[in-house]
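A.B. asks: What follows is a structure written as structure tokens; I'll ask about it next.
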Amino acid sequence: MFAFVTRRLLVAIPILFLASILVFVLVANAGDPLENLRTRPNGQAALQAKIKQLHLDKSVPERYVLWIKGFVKGDMGKNAQGVPVRPNLTRAMFTTLRLVLAATFVSIMLGLLVGVISAVRQYTAFDYGATFFAFLFYAMPVFWFAVLLKEFGAIKLNDWLANVSFSWIGLSAVAFVGLAVGLFLGNIGERRSRRRATLGALIGLGAGIGVGALLRVAFQHHHYSRLISTVGPQTPGFKGSFFARMGDYAGHMILPTVTLAAISFAVYSRFQRASMLDTMSSDYVRTARSKGISERRVILRHAFRTALIPVATYVALDFGAVMAGAIITETVFAWKGMGSLFLTGLKDSDVNSVLAFLMVTATLVIVFNILADVAYAYLDPRIRLD
Amino acid sequence: MTEITKRPGPLETLRRANGAADDNGAGPLPAAGPEREFTVKARSQSQMVVRRFFRHRLAMISLTVLVLVAAAAFIIPLFWKYDYKTILPTAESNARPSWTHPFGTDTIGHDMFAQTLRGAQRSLEIALLVSVGATIIGVLVGATAGYFRGWADAALMRFTDLVLTIPALAIAATLGFQIRGSGSSWLIAAVLVATFWMSTARIIRGEFLSLREKEFVEAARASGASDRRIIFKHILPNVIGPMIVAATLAVALAILTETALSFVGAGVKEPDTSLGLLVATNQRAFRTRPWLFWYPGLLIIVIALTINFIGDGLRDAFDPKQTRVRA
């Protein structure tokens with residue numbers, strides 16, 4: 001296992017090296033980082049200084065060699081404004097990682113749960129509903145969905161929370177959510193029962209109204225009334241107790257996470273459903289059933305575990321797409337993360353920032369692929385890593 | 001798919017064949033009768049696929065909707081009174097949807113209906129080019145790697161892995177900024193193809209790896225067929241199913257990626273437009289003039305959704321297991 005991971009990491013080095021050359025050449029030839037300076041009057045001295053600073057008087061291969069020498073020592077060079085990239089990168093990396101990992105976690109958990117339930121309860125209302133939403137999310141442009149969320153999940157919700165009143169629309173929305181949750185709970189488990197669904201719906205409705213009222217009381221006396229924020233990863237200059245700060249973080253994180261998780265969720269749940277249907281009709285599941293093992297155990301221990309194998313590969317492959325989604329999501333929600341590092345880097349034809357983005361994301365993609373292989377070996381006893 | 005059809009039974013056929021000769025010209029027996037039997041009608045592989053696809057209700061509805069949308073996008077602009085480039089007088093800008101402007105007008109004074117149709121045109125055009133291009137490159141790479149194996153396989157697949165480590169949007173945006181200023185469909189499609197061919201290549205390689213060991217390939221090789229002939233005439237027709245499915249799904253993904261590309265400013269450029277660019281430029285207008293945002297966005301969803309359903313239908317149609325009852 002240790003040998004396997006080490007070998008994979010060693011193989012990753014030439015891949016990263018080649019990828020950096022590829023992107024360096026592309027970006028270095030893309031545009032003119034001095035465009036602003038050239039048009040400025042009396043900018044000759046500044047222009048010369050900038051050329052010196054960014055080594056633009058040298059050829060592209062020479063600049064690449066300079067870059068890689070610095071990179072090995074941990075120096076990522078300076079961006080188009082002459083600011084070192086490294087501190088920017090560290091900040092951006094943690095911002096983005098927080099978002100991406102939260103979204104990946106949410107989408108895997110929900111995707112697996114929904115996928116398994118819709119496979120076990122194939123052709124039920126739950127299955128059709130999950131399928132519909134999966135296809136819908138999959139067909140939606142990320143930023144379109146993000147703008148809708150901003151409007152309905154944040155601005156309208158905050159307005160409502162600032163002055164909670166149970167109008168017919170508000171009440172029916174709460175009732176609808178409660179009903180959905182109730183039906184969901186009624187549909188899982190070993191026996192479906194209408195009574196449980198109804199009970200769940202009623203409890204959901206009550207809980208919805210209760211939570212609404214609680215939020216109202218909580219936010220009446222609070223110094224800010226905007227629960228869910230649409231701009232940036234935190235309120236600038238916000239000071240408060242630990243819990244207040246955590247609340248602030250959460251309020252800022254919720255919408256970007258939902259945006260990013262929605263699409264991956266759609267794909268994972270479809271994958272999990274298909275793979276689960278496959279295993280559920282296999283011989284060893286029938287054997288397990290005929291041995292008299294309880295249905296729960298059959299599903300969780302025999303079918304679910306095997307069904308995870310194709311999904312694990314897909315999650316790893318999909319990680320690049322999640323990073324791409326993060327670029328868009330961060331732009332929409334005005335987060336200063338890897339996305340803005342990359343995009344401003346591209347717009348300024350600033351090789352160093354783009355490469356910093358590339359090295360981090362490519363490393364993450366590779367790490368995720370190794371994790372998938374490890375998960376593979378854990379899930380499938382036929383596979384050994386050595 | 002085995003189709004059960006009523007046919008005259010063998011006994012009857014025999015009698016009929018002899019009938020004219022020795023039965024005093026009594027003529028053939030009527031086809032109907034209690035002795036009829038059931039026979040199996042032979043169908044070719046492609047006939048079966050087409051039949052299965054036509055029976056897939058959701059896919060057929062989706063196909064109809066998609067054809068209607070595409071027809072509207074390409075035909076209506078020919079006689080619609082506003083061009084997508086026309087800028088209306090200031091008094092007419094920011095108009096709500098009405099009979100003269102079904103989708104309203106934007107801040108500059110474009111007729112949104114004309115703009116949306118033009119956007120759909122460009123998006124569909126680019127997506128189709130991407131799908132065709134990615135399939136061609138993917139098949140060439142995958143077939144070479146899977147058929148020849150050895151160093152060709154190693155080199156091509158390592159290169160595929162290399163491209164896969166860079167997020168697709170990052171590649172597309174980097175290349176997209178190279179061609180900035182030029183909004184030609186061909187160039188944008190080429191940029192997207194650079195990020196799309198890998199999955200097709202992997203699928204095709206996998207199929208080739210298993211098919212090249214089959215007896216019919218060995219037979220072809222024994223009878224002296226060249227590698228090219230074996231690849232294109234013998235193996236490729238067997239992977240047409242996964243290929244078509246991948247190509248179809250690539251169309252939907254290409255439309256979505258193109259919208260993302262236009263959103264970050266590396267795709268289609270003003271004054272021309274695409275659905276993605278329309279949504280991107282109008283996202284801030286959402287609170288005050290929601291019609292600028294809703295129509296292009298919904299159109300993207302309709303197109304992507306229908307294509308995905310068609311892809312699903314095709315996958316079911318190409319799946320030989322589907323001859324049995326659907327589980």
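Residue numbering restarts at 1 for every chain of the structure tokens, chains are lettered A, B, ... in their displayed order, and ligands are numbered from 1 as they appear.
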With chain A as the partner and 10 Å as the cut-off, tabulate the residues of chain B that qualify, each row holding the nearest pair of atoms and their distance in Å to one decimal, using only C-alpha atoms, sorted by chain and rising number, as a tab-separated table.
C.D. replies:
```
residue	atom	partner	partner_atom	distance
B:Arg158	CA	A:Ile15	CA	8.4
B:Phe159	CA	A:Ile15	CA	8.8
B:Asp161	CA	A:Ile15	CA	8.2
B:Leu162	CA	A:Ile15	CA	5.9
B:Val163	CA	A:Ala19	CA	7.5
B:Leu164	CA	A:Gly320	CA	7.7
B:Thr165	CA	A:Ala362	CA	5.1
B:Ile166	CA	A:Ala362	CA	5.6
B:Pro167	CA	A:Gly320	CA	4.6
B:Ala168	CA	A:Ala321	CA	6.8
B:Leu169	CA	A:Ala324	CA	5.4
B:Ala170	CA	A:Ala324	CA	6.9
B:Ile171	CA	A:Val23	CA	8.2
B:Ala173	CA	A:Leu346	CA	8.1
B:Thr174	CA	A:Val27	CA	6.7
B:Leu175	CA	A:Leu26	CA	7.3
B:Gly176	CA	A:Ala30	CA	9.4
B:Phe177	CA	A:Ala30	CA	6.7
B:Gln178	CA	A:Ala30	CA	4.8
B:Ile179	CA	A:Ala30	CA	8.2
B:Arg180	CA	A:Ala30	CA	9.0
B:Ala252	CA	A:Ala139	CA	7.6
B:Leu253	CA	A:Ala139	CA	8.3
B:Ile255	CA	A:Pro141	CA	9.0
B:Leu256	CA	A:Pro141	CA	5.7
B:Thr257	CA	A:Pro141	CA	8.2
B:Glu258	CA	A:Pro141	CA	9.7
B:Thr259	CA	A:Pro141	CA	7.0
B:Ala260	CA	A:Pro141	CA	7.2
B:Leu261	CA	A:Ile328	CA	9.5
B:Phe263	CA	A:Ile328	CA	8.1
B:Val264	CA	A:Leu343	CA	7.6
B:Gly265	CA	A:Lys347	CA	9.2
B:Ala266	CA	A:Lys347	CA	9.6
B:Gly276	CA	A:Pro141	CA	8.2
B:Val279	CA	A:Trp144	CA	7.1
B:Ala280	CA	A:Phe143	CA	8.0
B:Gln283	CA	A:Val147	CA	6.9
B:Arg284	CA	A:Val147	CA	8.7
B:Phe286	CA	A:Val147	CA	8.0
B:Arg287	CA	A:Glu151	CA	7.7
B:Phe293	CA	A:Trp144	CA	8.4
B:Trp294	CA	A:Trp144	CA	9.0
B:Pro296	CA	A:Trp144	CA	9.9
B:Gly297	CA	A:Trp144	CA	6.7
B:Leu298	CA	A:Met140	CA	8.6
B:Ile300	CA	A:Met140	CA	7.3
B:Ile301	CA	A:Ala139	CA	5.2
B:Val302	CA	A:Ala139	CA	7.9
B:Ile303	CA	A:Ala139	CA	8.2
B:Ala304	CA	A:Ala139	CA	5.0
B:Leu305	CA	A:Ala139	CA	5.3
B:Thr306	CA	A:Ala139	CA	9.0
B:Ile307	CA	A:Ala139	CA	9.2
B:Asn308	CA	A:Phe135	CA	7.8
B:Phe309	CA	A:Phe135	CA	8.5
B:Ala327	CA	A:Ser281	CA	9.0
```
A.B. asks: Using only C-alpha atoms, please write the residues we just selected to a file, as a compact mmCIF listing (two decimals), in the first residue's frame.
C.D. replies:
```txt
# COMPACT_ATOMS: atom_id res chain seq x y z
CA ARG B 158 -0.06 8.93 -20.86
CA PHE B 159 -0.82 11.98 -22.96
CA ASP B 161 -3.81 11.29 -18.56
CA LEU B 162 -1.72 14.43 -18.81
CA VAL B 163 -4.54 16.40 -20.39
CA LEU B 164 -7.01 14.94 -17.88
CA THR B 165 -5.04 16.30 -14.91
CA ILE B 166 -5.70 19.86 -16.04
CA PRO B 167 -9.33 20.90 -15.40
CA ALA B 168 -11.14 21.05 -18.73
CA LEU B 169 -12.34 24.59 -18.24
CA ALA B 170 -8.79 25.71 -17.50
CA ILE B 171 -7.54 24.30 -20.80
CA ALA B 173 -10.10 29.17 -21.07
CA THR B 174 -6.34 29.24 -21.67
CA LEU B 175 -6.83 28.36 -25.33
CA GLY B 176 -9.87 30.63 -25.53
CA PHE B 177 -7.82 33.63 -24.47
CA GLN B 178 -5.34 32.79 -27.22
CA ILE B 179 -7.99 33.42 -29.83
CA ARG B 180 -9.45 36.44 -28.12
CA ALA B 252 -25.04 18.55 -24.26
CA LEU B 253 -21.81 18.93 -22.33
CA ILE B 255 -23.33 23.50 -24.85
CA LEU B 256 -22.85 23.82 -21.10
CA THR B 257 -19.08 24.25 -21.38
CA GLU B 258 -19.50 26.87 -24.08
CA THR B 259 -21.79 28.82 -21.75
CA ALA B 260 -19.14 28.62 -19.02
CA LEU B 261 -16.48 29.70 -21.48
CA PHE B 263 -19.18 33.48 -18.95
CA VAL B 264 -15.47 33.81 -18.12
CA GLY B 265 -14.99 35.85 -21.28
CA ALA B 266 -13.14 33.36 -23.42
CA GLY B 276 -24.13 31.43 -22.50
CA VAL B 279 -27.07 34.73 -19.57
CA ALA B 280 -23.65 35.98 -18.52
CA GLN B 283 -27.10 38.10 -14.86
CA ARG B 284 -27.07 41.45 -13.07
CA PHE B 286 -32.09 39.51 -12.98
CA ARG B 287 -33.76 41.51 -10.23
CA PHE B 293 -32.19 36.06 -17.87
CA TRP B 294 -34.97 33.49 -17.93
CA PRO B 296 -31.85 32.07 -22.71
CA GLY B 297 -31.26 30.06 -19.53
CA LEU B 298 -34.39 27.98 -19.99
CA ILE B 300 -30.06 26.04 -22.52
CA ILE B 301 -31.80 23.70 -20.09
CA VAL B 302 -34.30 22.51 -22.70
CA ILE B 303 -31.55 21.78 -25.22
CA ALA B 304 -29.22 20.06 -22.75
CA LEU B 305 -32.07 18.09 -21.18
CA THR B 306 -33.47 16.80 -24.47
CA ILE B 307 -30.03 15.81 -25.71
CA ASN B 308 -29.36 13.90 -22.51
CA PHE B 309 -32.67 12.07 -22.82
CA ALA B 327 -35.77 -4.86 -15.60
```
A.B. asks: What is the distance, in Å and to one decimal place, between atom CA of A:Phe2 and atom CA of A:Ile68?
C.D. replies: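 Interatomic distance, atom CA of A:Phe2 to atom CA of A:Ile68: 28.4 Å.
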A.B. asks: When you count only C-alpha atoms, which of these residues is closest to B:Tyr295: B:Glu218, B:Gly241, B:Phe113, B:Arg229?
C.D. replies: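 Closest candidate: B:Phe113.
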A.B. asks: B:Thr64, B:Ser274, B:Ser199, B:Thr144: which is nearest B:Arg228, counting only C-alpha atoms?
C.D. replies: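 Ranking B:Thr64, B:Ser274, B:Ser199, B:Thr144 by distance to B:Arg228, first place goes to B:Thr144.
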A.B. asks: Please provide as a PDB file with C-alpha atoms, in the first residue's frame all residues within 10 Å of stretch 90-92 of chain B, with the sequence filter that same-chain residues fewer than 2 positions apart are discarded (counting only C-alpha atoms).
C.D. replies:
```
ATOM      1  CA  ILE B  87     -30.260  48.285 -32.056  1.00  0.00           C
ATOM      2  CA  LEU B  88     -33.666  49.785 -31.419  1.00  0.00           C
ATOM      3  CA  ASN B  94     -35.703  47.534 -21.551  1.00  0.00           C
ATOM      4  CA  ALA B  95     -39.180  46.658 -22.801  1.00  0.00           C
ATOM      5  CA  ARG B  96     -41.138  43.901 -21.110  1.00  0.00           C
ATOM      6  CA  HIS B 101     -40.924  41.709 -28.609  1.00  0.00           C
ATOM      7  CA  GLY B 104     -38.624  41.776 -24.361  1.00  0.00           C
ATOM      8  CA  THR B 105     -35.620  43.952 -25.177  1.00  0.00           C
ATOM      9  CA  ASP B 106     -32.342  44.457 -23.354  1.00  0.00           C
ATOM     10  CA  THR B 107     -30.649  47.588 -22.026  1.00  0.00           C
ATOM     11  CA  ILE B 108     -28.841  48.333 -25.279  1.00  0.00           C
ATOM     12  CA  GLY B 109     -32.009  47.884 -27.300  1.00  0.00           C
ATOM     13  CA  HIS B 110     -31.631  44.467 -28.834  1.00  0.00           C
ATOM     14  CA  ASP B 111     -34.734  42.428 -29.502  1.00  0.00           C
TER      15      ASP B 111
END
```
A.B. asks: If you run DSSP on the backbone here, which positions in stretch 35-161 of chain B get helix (DSSP H, G or I)? Please write them as a ChimeraX atom specification.
C.D. replies: /B:45-55,57-79,90-92,112-148,150-161
A.B. asks: May I have the selected residues written with C-alpha atoms, as a PDB file, in the first residue's frame?
C.D. replies:
```pdb
ATOM      1  CA  GLN B  45     -28.845  -5.220 -35.902  1.00  0.00           C
ATOM      2  CA  SER B  46     -29.471  -1.642 -37.033  1.00  0.00           C
ATOM      3  CA  GLN B  47     -33.181  -2.278 -37.591  1.00  0.00           C
ATOM      4  CA  MET B  48     -33.411  -3.524 -34.034  1.00  0.00           C
ATOM      5  CA  VAL B  49     -31.630  -0.481 -32.675  1.00  0.00           C
ATOM      6  CA  VAL B  50     -33.862   1.889 -34.604  1.00  0.00           C
ATOM      7  CA  ARG B  51     -36.980   0.058 -33.438  1.00  0.00           C
ATOM      8  CA  ARG B  52     -35.898   0.141 -29.822  1.00  0.00           C
ATOM      9  CA  PHE B  53     -35.092   3.818 -30.076  1.00  0.00           C
ATOM     10  CA  PHE B  54     -38.465   4.638 -31.626  1.00  0.00           C
ATOM     11  CA  ARG B  55     -40.183   2.829 -28.765  1.00  0.00           C
ATOM     12  CA  ARG B  57     -41.066   7.417 -25.495  1.00  0.00           C
ATOM     13  CA  LEU B  58     -39.032  10.004 -23.585  1.00  0.00           C
ATOM     14  CA  ALA B  59     -36.264   9.932 -26.183  1.00  0.00           C
ATOM     15  CA  MET B  60     -38.752  10.390 -29.013  1.00  0.00           C
ATOM     16  CA  ILE B  61     -40.450  13.324 -27.286  1.00  0.00           C
ATOM     17  CA  SER B  62     -37.030  14.840 -26.636  1.00  0.00           C
ATOM     18  CA  LEU B  63     -35.995  14.363 -30.236  1.00  0.00           C
ATOM     19  CA  THR B  64     -39.154  16.104 -31.422  1.00  0.00           C
ATOM     20  CA  VAL B  65     -38.631  19.024 -29.044  1.00  0.00           C
ATOM     21  CA  LEU B  66     -34.981  19.356 -30.010  1.00  0.00           C
ATOM     22  CA  VAL B  67     -35.753  19.296 -33.726  1.00  0.00           C
ATOM     23  CA  LEU B  68     -38.426  21.962 -33.188  1.00  0.00           C
ATOM     24  CA  VAL B  69     -36.032  24.168 -31.209  1.00  0.00           C
ATOM     25  CA  ALA B  70     -33.273  23.768 -33.773  1.00  0.00           C
ATOM     26  CA  ALA B  71     -35.671  24.454 -36.631  1.00  0.00           C
ATOM     27  CA  ALA B  72     -36.931  27.576 -34.848  1.00  0.00           C
ATOM     28  CA  ALA B  73     -33.382  28.775 -34.205  1.00  0.00           C
ATOM     29  CA  PHE B  74     -32.358  28.416 -37.814  1.00  0.00           C
ATOM     30  CA  ILE B  75     -35.568  29.253 -39.692  1.00  0.00           C
ATOM     31  CA  ILE B  76     -37.398  31.952 -37.723  1.00  0.00           C
ATOM     32  CA  PRO B  77     -34.541  34.525 -37.940  1.00  0.00           C
ATOM     33  CA  LEU B  78     -34.889  34.415 -41.735  1.00  0.00           C
ATOM     34  CA  PHE B  79     -38.199  36.260 -41.610  1.00  0.00           C
ATOM     35  CA  THR B  90     -33.725  54.130 -26.692  1.00  0.00           C
ATOM     36  CA  ALA B  91     -37.439  54.387 -26.077  1.00  0.00           C
ATOM     37  CA  GLU B  92     -37.800  50.723 -26.974  1.00  0.00           C
ATOM     38  CA  MET B 112     -34.230  39.518 -27.095  1.00  0.00           C
ATOM     39  CA  PHE B 113     -36.184  37.087 -29.264  1.00  0.00           C
ATOM     40  CA  ALA B 114     -33.799  37.621 -32.159  1.00  0.00           C
ATOM     41  CA  GLN B 115     -30.844  37.489 -29.782  1.00  0.00           C
ATOM     42  CA  THR B 116     -31.979  34.279 -28.125  1.00  0.00           C
ATOM     43  CA  LEU B 117     -32.559  32.587 -31.480  1.00  0.00           C
ATOM     44  CA  ARG B 118     -29.147  33.707 -32.707  1.00  0.00           C
ATOM     45  CA  GLY B 119     -27.632  32.483 -29.450  1.00  0.00           C
ATOM     46  CA  ALA B 120     -29.295  29.085 -29.831  1.00  0.00           C
ATOM     47  CA  GLN B 121     -28.006  28.923 -33.390  1.00  0.00           C
ATOM     48  CA  ARG B 122     -24.434  29.610 -32.368  1.00  0.00           C
ATOM     49  CA  SER B 123     -24.582  27.292 -29.343  1.00  0.00           C
ATOM     50  CA  LEU B 124     -25.995  24.398 -31.372  1.00  0.00           C
ATOM     51  CA  GLU B 125     -23.533  24.990 -34.182  1.00  0.00           C
ATOM     52  CA  ILE B 126     -20.541  25.001 -31.824  1.00  0.00           C
ATOM     53  CA  ALA B 127     -21.808  22.002 -29.872  1.00  0.00           C
ATOM     54  CA  LEU B 128     -22.280  19.929 -33.032  1.00  0.00           C
ATOM     55  CA  LEU B 129     -18.814  20.801 -34.295  1.00  0.00           C
ATOM     56  CA  VAL B 130     -17.343  19.907 -30.913  1.00  0.00           C
ATOM     57  CA  SER B 131     -19.124  16.578 -30.829  1.00  0.00           C
ATOM     58  CA  VAL B 132     -18.017  15.625 -34.339  1.00  0.00           C
ATOM     59  CA  GLY B 133     -14.451  16.805 -33.784  1.00  0.00           C
ATOM     60  CA  ALA B 134     -14.077  15.177 -30.390  1.00  0.00           C
ATOM     61  CA  THR B 135     -15.475  11.898 -31.745  1.00  0.00           C
ATOM     62  CA  ILE B 136     -13.084  11.863 -34.699  1.00  0.00           C
ATOM     63  CA  ILE B 137     -10.019  12.590 -32.566  1.00  0.00           C
ATOM     64  CA  GLY B 138     -11.183  10.332 -29.756  1.00  0.00           C
ATOM     65  CA  VAL B 139     -11.768   7.431 -32.156  1.00  0.00           C
ATOM     66  CA  LEU B 140      -8.416   7.902 -33.869  1.00  0.00           C
ATOM     67  CA  VAL B 141      -6.522   8.060 -30.578  1.00  0.00           C
ATOM     68  CA  GLY B 142      -8.519   5.289 -28.892  1.00  0.00           C
ATOM     69  CA  ALA B 143      -8.386   2.961 -31.912  1.00  0.00           C
ATOM     70  CA  THR B 144      -4.639   3.435 -32.380  1.00  0.00           C
ATOM     71  CA  ALA B 145      -3.937   2.889 -28.699  1.00  0.00           C
ATOM     72  CA  GLY B 146      -6.259  -0.092 -28.326  1.00  0.00           C
ATOM     73  CA  TYR B 147      -5.407  -1.798 -31.604  1.00  0.00           C
ATOM     74  CA  PHE B 148      -1.634  -1.439 -31.734  1.00  0.00           C
ATOM     75  CA  GLY B 150       2.651  -1.389 -27.009  1.00  0.00           C
ATOM     76  CA  TRP B 151       4.432   1.955 -27.070  1.00  0.00           C
ATOM     77  CA  ALA B 152       1.713   3.686 -29.111  1.00  0.00           C
ATOM     78  CA  ASP B 153      -0.801   2.803 -26.435  1.00  0.00           C
ATOM     79  CA  ALA B 154       1.507   3.854 -23.611  1.00  0.00           C
ATOM     80  CA  ALA B 155       2.374   7.174 -25.216  1.00  0.00           C
ATOM     81  CA  LEU B 156      -1.185   8.084 -26.207  1.00  0.00           C
ATOM     82  CA  MET B 157      -2.705   7.089 -22.895  1.00  0.00           C
ATOM     83  CA  ARG B 158      -0.059   8.930 -20.861  1.00  0.00           C
ATOM     84  CA  PHE B 159      -0.824  11.982 -22.963  1.00  0.00           C
ATOM     85  CA  THR B 160      -4.539  11.504 -22.284  1.00  0.00           C
ATOM     86  CA  ASP B 161      -3.813  11.289 -18.556  1.00  0.00           C
TER      87      ASP B 161
END
```
